[in-house]
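Worksheet: the structure to be examined is printed underneath.
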Amino acid sequence: MNTRHPDFQGERFDKGLQIRREVLGDKYVDRSLTSADDTSAPLQKLITEWCWGEIWGRPGLERRMRSVLNLGMIMALNRSAEFKLHVRGALNNGITREEIVEIILQGAIYCGVPASLDAMRSAQAVFAEIDTENDG
């Protein structure tokens with residue numbers, strides 16, 4: 001699969017791409033990069049280099065802790081599509097389903113009930129998708 005838009009080059013991009021793939025999986029990353037055009041490629045480059053390469057690549061926190069933080073912050077922002085994506089990432093980083101439920105319960109107090117209800121629906125949808133993928 002050609003993910004090499006002209007903007008998608010360099011050591012920083014490659015470092016971020018590796019981490020992004022390890023956390024989110026090849027399927028999602030390939031879809032994001034191959035659908036990038038001249039308008040959206042600069043944003044994909046920024047996300048891959050700075051979010052994944054620079055921040056996720058820092059040694060100060062392990063990926064598991066970064067996933068916990070992301071779930072809490074994304075829940076607070078009420079971004080269900082990103083929350084679903086990061087539920088998968090959290091599972092890839094060793095967070096259990098039970099821990100994800102606990103993160104959502106914690107968030108219910110600090111982010112509010114509407115945010116926690118949406119996050120729980122999102123988590124349940126991802127769990128069901130994964131169960132279906134594993135059964136098929």
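Each chain in the structure tokens gets a letter, A, B and so on, in the order shown; residues start at 1 in every chain, and ligands are counted from 1 in the order they appear.
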* **All helix (DSSP H, G or I) positions in segment 9-120 of chain A, as a ChimeraX atom specification** => /A:11-24,26-34,41-55,63-77,80-92,97-111,113-120
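Omitting segment 37-52 of chain A and its sequence neighbours fewer than 3 positions away, and counting only C-alpha atoms, the residues within 7 Å are A:Asp7, A:Phe8, A:Arg12, A:Phe13, A:Gly16, A:Leu17, A:Ile19, A:Arg20, A:Leu33, A:Ile55, A:Trp56, A:Gly57.
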* To do: Excluding Met65 of chain A and residues on its chain fewer than 5 positions from it, collect all residues at most 12 Å away from it, counting only C-alpha atoms, and give them as number ranges by chain.
  => A: 56, 59-60, 70-72, 89-91, 93-95, 99, 103
* Do you know which residues are at most 7 Å from Arg88 of chain A counting only C-alpha atoms, after dropping those on the same chain fewer than 4 positions away, and could you put them as a VMD selection string? -> chain A and resid 24 84 92
Using C-alpha atoms, can you write the selected residues to a file as a compact mmCIF listing (two decimals), in the first residue's frame?
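What ended up in selection36.txt:
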# COMPACT_ATOMS: atom_id res chain seq x y z
CA LEU A 24 -3.39 2.07 16.45
CA LYS A 84 -13.14 4.54 19.95
CA ASN A 92 -3.00 -2.68 22.30
* Asked: What lies within 12 Å of Ala125 of chain A using only C-alpha atoms, ignoring chain neighbours under 2 positions off, as a PyMOL selection string?
  -> chain A and resi 80-81+83-85+87-88+118-123+127-132
* Asked: At what distance in Å, to one decimal, does atom CA of Pro114 of chain A lie from atom CA of Ser67 of chain A?
  -> 21.3 Å
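Atom CA of Val126 of chain A sits 12.8 Å away from atom CA of Thr96 of chain A.
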* To do: Rounded to one decimal place, report the atom CA of Arg21 of chain A-atom CA of Ser116 of chain A distance in Å.
  => 27.5 Å
